Structure formats: structure tokens, C-alpha cells
Amino acid sequence: MKPVNQQATISVEGNVIHCRGPWTLPHLAQLERRGQTLQWPTAPTIVYDAEEVTAMDTGGALLLQRYLNGVRRKGQQTFQQGLKPAFAELLQLMEAQWPQIERDPTPDVGWMEWLTGILRSRQASAIHALAFIGESTIAFGRSLIRPGSIRWRALLRIVEVDGVRALPITGLLMFLVGVVFAYQGAEQLRKFGTNIFIVDLVGISLLREIAPLIVAILIAGRSGSAYAAEIGTMKVTEELDAVRTLGISPMNLLVLPRAFGLVIALPLLTVYADVVGVFGGMLIALGELNVSFVEFVARFQEAVSMRHFLIGLGKAPFFAAIIALVGCYQGFQIRGGVDDVGRHTTISVVQGIFLVIVFDALCSILLNWWDL
């Protein structure tokens, strides 16, 4: 008995074309790419061996019929062998309907129809996103009313993975950012003999804007993409369907622990980044501007007020919520196979970083209006 092939493939051996695995919609993109790179046989007679085709839907039959027709157009004869009766009936139906399929070309659309299609697609995406945010908000409110429904073990696991394990890369990155910031400022301040103001430059900019933003961008790339990939993989392997069948809400199981965990971890990482970044600036101030640690700390207490630290820290939970929700939402949007997982993982990173920067810009404008 031959083993069941779970991978949809098409390959050539001599004048025999082997079709294996599930020829179904999730695997069509992979089969089409394989067909484009395949070295098709040139023999006058071609045999299609479909004995190991384990599943076939309309899309798979359409693709197989297209391959058969492509060979026939070259004047080559084709023979099939091993195709299961149910799949053979589907293929015969596709062959019978093929003239009508070819006579139904894609209608030419004008720019207005194209633009309307784009807007409708964006509108549908926006509605789905708003529905997801609404569902998340309701689940968040319920969990606050009933804290016992929160999966604390999963939450603590997220804090460990996305917070504790991110300390080394966050520390190294923020130390270097503090060094670069202080270096660039030192060159200008030395010209005017205002060395001590390096403290104001490093302290206010890092605590208020740079550290929260850099940490959020780092976590969006590190954790937001992981959320999308994890949930998307569960969806592709139908684990989410099994979870729903057991009566468990994916929102409570997957989204809330990640959102709560990141809301806790990101502010703590921001505080850590503030300390490391300022320390990097202190080293450069000492080496380049002869500002000692004692002078630096004394000026820091005088010039950098607590509100700059609180403003930066206050933005971190919102950054965390944006990153977690975008990552989880993109994970739930995955429909196809591995390619779709990669595409939505990339989208989650781009959208997460974009929304974090937009939110930060809005905060800066509002805080400026309020003279904070």
C-alpha cells in the first residue's frame, strides 16, 4: 500500500506526468507555480498518472484540465490512468464545460470599475476590522468583570516570551540608540560650548518619544508577526475549527492572553529601554563632552521632569494593544496555505508599525495643543 501523499505535486518522468496529493483550492497556487517551472515532455504520447491524487475539487479539476489542454494543443496525445471514479467524473464535467469557460473571458473593466472594486474591497476589510475590534472590546470588558475567565497561565507565558526574552535585544538596541543620539548631539553642543545640555537632549527625547517608539517597533516585528503566524497556522491546520467545536472561544483562548500579556510587558520593556538608553548617552557625554556621571544625574533631575517619563510610559499600553490586535486579526484573516501565512505575517508587521507611528504622531499633536 502506497503512503498517502499530503503534498500536492506534479512531476515528470519520461513521458509520464505524475499527479499526487490533494488537488484542492488551498494547493492550487503551489501547483500553478510548479507547472510554470516544469520541463514538459515532448514525446508524442503523454500519460497522466493520477493514482496518488487523494482529493480533488472544482479548482483542482480546472487546473488539471488546463494542463491536459495545453499538451493537446501541441499535437500530443494524452492518456490518464489511476484517477478515482469521483475525480474522473468531475474532470469529465470540466472538459464538457471547457468551451464555455474559454468563451467567457474576463470582461475589460474601466478605471471607474477598477476604483470601485478597490474601494469596496477596502470597505469590506474595514468592516471586518471594526467587527474584530468590537468583539475584542466586548471580550475585554467581560474579562475585566470576571477575572477568573482570563487564562492567566497563557498570559504569564506571553509576558515571559514577549517581555523577558526580549530584554537582550531591546537593551542592546536602546543602548546603541542612546549612543548614536548622544554622539549626534555632542557634535552640535560642543560648537556652542553648551555641553551640559546633552542631558536635556538625551533625557527628554529618549524618555518621551524615542524609547517607547523603538520598543514598540521592535515588538511589532518580533511578537506581532509571531501572533499572526501562530493563529494562521492553527487556522490552516483546522485547529481553530476544533477549538470552536469544543465550545471554546478563540477570542478568549488566543487574543485576550496575547493582548493582556503584551499590555503588561511593553511598559516594563519601555522602562528598561529608558534606563539603558540614558546610560548609553551618559557614557558618550562623559567621553565626548567631559560631563561626569554626577553632573549628568544632577542635571537630569533638574531638567527632565517626571511628565516626560509618564507620557512615554503612558503610550506603551496603547502601542501594545495595537500590535496585539493587528497581529491576531491578520492571523484570523488567513485563508489559504503557507503562502497566505507569510503574506499576512508581513502585513501584520507593516500595519502594526504604521498604526503605532500614526498613534504616536496624534499623541504628539494633542500633547502639544495641551502644552504638555
# chains A, B, ... in the order shown; residues from 1 in each chain; ligands from 1
>>> select_by_dssp(residues="segment 34-98 of chain A", states="strand (DSSP E)", output="MDAnalysis selection string")
chainID A and resid 45:56 77:81
>>> select_by_dssp(residues="segment 125-254 of chain A", states="alpha helix (DSSP H)", output="ChimeraX atom specification")
/A:125-145,152-162,167-192,198-205,211-219,225-236,239-245,250
>>> closest_residue(among="A:Gly314, A:Gly59, A:Gly342, A:Gly232", to="Cys328 of chain A", atoms="only C-alpha atoms")
A:Gly232
>>> residues_around(residues="segment 366-372 of chain A", least_positions_apart="6", cutoff="9 Å", atoms="only C-alpha atoms", output="count of residues only")
3
>>> residues_around(residues="Ile198 of chain A", least_positions_apart="2", cutoff="10 Å", atoms="only C-alpha atoms", output="list in words")
Phe181, Ala182, Tyr183, Gln184, Gly185, Ala186, Gln188, Leu189, Arg190, Thr194, Asn195, Ile196, Asp200, Leu201, Val202, Gly203, Gly281, Met282, Ile284, Ala285, Leu289, Val291, Phe296, Arg299 and Phe300 of chain A
>>> residues_around(residues="Val215 of chain A", least_positions_apart="3", cutoff="9 Å", atoms="only C-alpha atoms", output="list in words")
Thr170, Leu173, Met174, Ile210, Ala211, Pro212, Leu218, Ile219, Ala220, Leu266, Leu269, Thr270, Ala273 and Ala316 of chain A
>>> closest_residue(among="A:His344, A:Arg222, A:Arg72, A:Lys315", to="Ile169 of chain A", atoms="only C-alpha atoms")
A:Arg222
>>> residues_around(residues="segment 60-65 of chain A", least_positions_apart="3", cutoff="7 Å", atoms="only C-alpha atoms", output="NGL selection string")
:A and (23-25 or 28 or 56-57 or 68-69 or 90-91 or 94-95)
>>> write_last_selection(atoms="C-alpha atoms", output="tab-separated table (two decimals), in the first residue's frame")
chain	number	residue	atom	x	y	z
A	23	TRP	CA	-5.59	18.88	-5.86
A	24	THR	CA	-7.77	21.31	-3.96
A	25	LEU	CA	-8.15	25.05	-3.71
A	28	LEU	CA	-3.64	25.48	-6.47
A	56	MET	CA	-9.85	16.95	-5.98
A	57	ASP	CA	-12.31	19.84	-6.10
A	68	LEU	CA	-4.30	18.46	-20.42
A	69	ASN	CA	-5.48	21.02	-22.96
A	90	LEU	CA	-15.51	15.87	-12.10
A	91	LEU	CA	-12.80	16.08	-14.77
A	94	MET	CA	-14.90	20.21	-16.57
A	95	GLU	CA	-13.92	19.00	-20.04
>>> residues_around(residues="Tyr48 of chain A", least_positions_apart="3", cutoff="7 Å", atoms="only C-alpha atoms", output="list in words")
Val16, Ile17, His18, Phe79, Gln80 and Gln81 of chain A
>>> write_last_selection(atoms="N, CA, C and O atoms", output="compact mmCIF listing (two decimals), in the first residue's frame")
# COMPACT_ATOMS: atom_id res chain seq x y z
N VAL A 16 5.76 10.38 -18.70
CA VAL A 16 4.70 10.22 -17.70
C VAL A 16 4.69 11.45 -16.78
O VAL A 16 5.73 11.85 -16.26
N ILE A 17 3.50 12.03 -16.63
CA ILE A 17 3.32 13.15 -15.71
C ILE A 17 2.60 12.62 -14.48
O ILE A 17 1.47 12.13 -14.57
N HIS A 18 3.28 12.70 -13.33
CA HIS A 18 2.72 12.18 -12.08
C HIS A 18 2.01 13.30 -11.33
O HIS A 18 2.60 14.35 -11.08
N PHE A 79 -3.17 10.36 -22.18
CA PHE A 79 -3.91 9.23 -21.58
C PHE A 79 -3.85 9.40 -20.07
O PHE A 79 -2.83 9.82 -19.51
N GLN A 80 -4.94 9.07 -19.43
CA GLN A 80 -4.99 9.14 -17.97
C GLN A 80 -5.03 7.73 -17.40
O GLN A 80 -5.59 6.82 -18.02
N GLN A 81 -4.49 7.60 -16.22
CA GLN A 81 -4.57 6.31 -15.55
C GLN A 81 -4.61 6.54 -14.04
O GLN A 81 -3.97 7.45 -13.51
